[in-house]
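Trainee: Shown below is the structure under consideration.
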Amino acid sequence: MKNLFKTKGQTISCLTLIMGSFLLFSACGTSVNRVQPGDERDLSGYWNARDVRIVCEYLINDALSSPRVAEAIRDRGGRTPMVIVGRFRNESSEHINTAIISSTMETVIFNSGVLDFVAGGDTREDVRAERQDQQSWASEETVAALGREIGADFILTGSVRTIIERQGNLTNRTYFVTAELTDIETNARIWIGQHSDIVKVVRQPRNRI
């Protein structure tokens, strides 16, 4: 009988331990909260999605309001100029996916209705490969013709740089994003813009002895 009670007591203790462990792990589990666009927290002090939106919208709007760009558009006889988005170089001190900057620039340009863009980079190579493949395998009625691409009038390129200042447990990061619109036929720069208003002060906890 004593062994029976002992066994029951051990069983209850094991169950209590298991339940306690389950509750502990549940409390320490991953938690995810969705936020609305524009409400993102700046968790690390590094470049983030909100910075991309702010910078791209500012630079494209600055380009579209430039008298030189307006003159270049008029010189096309009222035709909507075509832009190809080239490389945005990351010359900063941190990892920045500049492909996100390029794609956001394309979106802002397209939504403006003032400029249009043609595919570049990997997309252009994929389209060309598909068009070439159709020459051998697609029917005559549906094959895409060669030599019908729309040439771009301008190319948009740029770079991201940072200036970092440190003092004690404070770090000041200033982001300089430069964009340039170049006439492809003449190589003339028709617009240069820079955004340098993204400044972040990061306070690190002091080391405790």
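Within each chain, counting starts at residue 1; across the structure tokens, chains are named A, B, ... in the order shown, with ligands numbered 1 upward in that order.
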Using only C-alpha atoms, which residues sit within 10 Å of segment 193-202 of chain A once same-chain residues fewer than 2 positions away are excluded, as JSON, numbers by chain?
Mentor: {"A": [42, 43, 44, 45, 46, 47, 51, 54, 55, 56, 58, 59, 60, 62, 63, 66, 158, 159, 160, 161, 162, 163, 164, 165, 166, 169, 170, 171, 172, 173, 174, 175, 176, 177, 178, 179, 180, 181, 191, 204, 205]}
Trainee: So which one's closest to Gln167 of chain A, A:Arg203, A:Ile101, A:Val114, A:Glu91? Using only C-alpha atoms, please.
Mentor: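 Distance minimum relative to Gln167 of chain A lands on A:Arg203.
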Trainee: Excluding Thr123 of chain A and its own-chain neighbours fewer than 5 positions away, which residues fall within 12 Å of it when counting only C-alpha atoms? Please give them as a CSV table (one decimal) with N, CA, C and O atoms, in the first residue's frame.
Mentor:
```
chain,number,residue,atom,x,y,z
A,84,ILE,N,15.0,53.6,-67.3
A,84,ILE,CA,15.5,52.3,-66.8
A,84,ILE,C,16.2,52.5,-65.5
A,84,ILE,O,17.0,53.4,-65.3
A,85,VAL,N,15.8,51.7,-64.5
A,85,VAL,CA,16.5,51.9,-63.1
A,85,VAL,C,17.7,51.0,-63.1
A,85,VAL,O,17.6,49.8,-63.2
A,103,SER,N,13.5,48.7,-56.7
A,103,SER,CA,12.1,48.4,-57.0
A,103,SER,C,11.1,49.4,-56.5
A,103,SER,O,10.1,49.7,-57.1
A,118,VAL,N,11.2,51.0,-68.4
A,118,VAL,CA,11.4,49.7,-69.1
A,118,VAL,C,12.1,48.7,-68.1
A,118,VAL,O,12.9,49.2,-67.3
A,128,ARG,N,14.3,38.6,-72.5
A,128,ARG,CA,15.0,38.3,-73.8
A,128,ARG,C,15.2,36.9,-74.0
A,128,ARG,O,15.1,36.4,-75.2
A,129,ALA,N,15.5,36.1,-73.0
A,129,ALA,CA,15.7,34.7,-73.1
A,129,ALA,C,14.4,34.0,-73.6
A,129,ALA,O,14.4,33.1,-74.4
A,130,GLU,N,13.2,34.5,-73.0
A,130,GLU,CA,11.9,33.9,-73.4
A,130,GLU,C,11.6,34.3,-74.8
A,130,GLU,O,11.1,33.4,-75.6
```
Trainee: Extract the full set of alpha helix (DSSP H) residues from segment 10-206 of chain A according to DSSP on the backbone, and format it as a PyMOL selection string.
Mentor: chain A and resi 10-27+49-64+67-74+98-112+121-137
Trainee: Would you compute the distance between atom CA of Arg50 of chain A and atom CA of Ser93 of chain A? Give it in Å to one decimal.
Mentor: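 Between atom CA of Arg50 of chain A and atom CA of Ser93 of chain A the gap works out to 18.9 Å.
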